[in-house]
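**Student:** Supplied in structure tokens, the structure appears directly below.
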Amino acid sequence: MDKYKVLEELKSIEEKRSIILPVAYKKFLSEEVQDVGTYEIENKQGDPIYIFNFMDVVERNETYTIQDAEPDYFLIGQDGDLGYFICLKNNSDKIYSLDLGALGSLDMDEETKDLYELRA
């Protein structure tokens, strides 16, 4: 899929949800993930992390009711029960993680400065 088409789709998500997605996140999705059904990266510990494409990211946030428990965060990927998030409040590219069962009860763990640094 053309990178500009992905950026258009991400802009539509931003408008519909009244959010602003970080620049590095949009770049990663438009240049690397695009419309690939399952996009996997390996973190520095060798664990696989599945990064959601633009077609699945909204559905995943709704399925796990992320904005109900953590309204300032947006789920972008997953490794089993461990969710990976961006913070919508400060428009930072930082990546955070938290067990999906602990949403709303524990603070997010800061993982890296952006998606590019998350992978090994």
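In the structure tokens, chains take letters A, B, ... by order of appearance, with residues numbered from 1 within each chain and ligands from 1 in the order shown.
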Given only C-alpha atoms, how would the per-residue table for region 4-31 of chain A near region 84-90 of chain A read, listing every residue at most 8 Å away with its closest atom pair and distance in Å to one decimal, sorted by chain and number, as JSON lines?
**Tutor:**
```
{"residue": "A:Ile19", "atom": "CA", "partner": "A:Leu88", "partner_atom": "CA", "distance": 6.9}
{"residue": "A:Ile20", "atom": "CA", "partner": "A:Leu88", "partner_atom": "CA", "distance": 6.6}
{"residue": "A:Leu21", "atom": "CA", "partner": "A:Leu88", "partner_atom": "CA", "distance": 6.7}
{"residue": "A:Pro22", "atom": "CA", "partner": "A:Leu88", "partner_atom": "CA", "distance": 7.8}
```
**Student:** Using the chain letters and numbers from this document, which residues of chain A does DSSP assign to alpha helix (DSSP H), as a PyMOL selection string?
**Tutor:** chain A and resi 3-17+23-28+57-63+66-69+115-118
**Student:** Provide the CA of Asp93 (chain A) to CA of Tyr25 (chain A) distance in Å, to one decimal place.
**Tutor:** 6.6 Å
**Student:** Hey, which of A:Val36, A:Leu75, A:Val58, A:Ile66 ends up closest to Arg17 (chain A)? Count only C-alpha atoms.
**Tutor:**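 Residue with the minimum atom-to-atom distance to Arg17 (chain A): A:Val58.
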**Student:** Tell me, as a ChimeraX atom specification, which residues lie within 7 Å of Asp114 (chain A), counting only C-alpha atoms; anything in the same chain fewer than 2 positions away does not count.
**Tutor:** /A:24,93-95,112,116-118
**Student:** Choose the residue, out of A:Asp56, A:Asp2, A:Asp35, A:Asp72, that has the smallest atom-to-atom separation from Ser18 (chain A); count only C-alpha atoms.
**Tutor:** A:Asp72
**Student:** From the DSSP assignment of the backbone, select every residue of chain A that is strand (DSSP E), and format the answer as a PyMOL selection string.
**Tutor:** chain A and resi 39-42+48-51+73-79+82-87+95-99+109-112
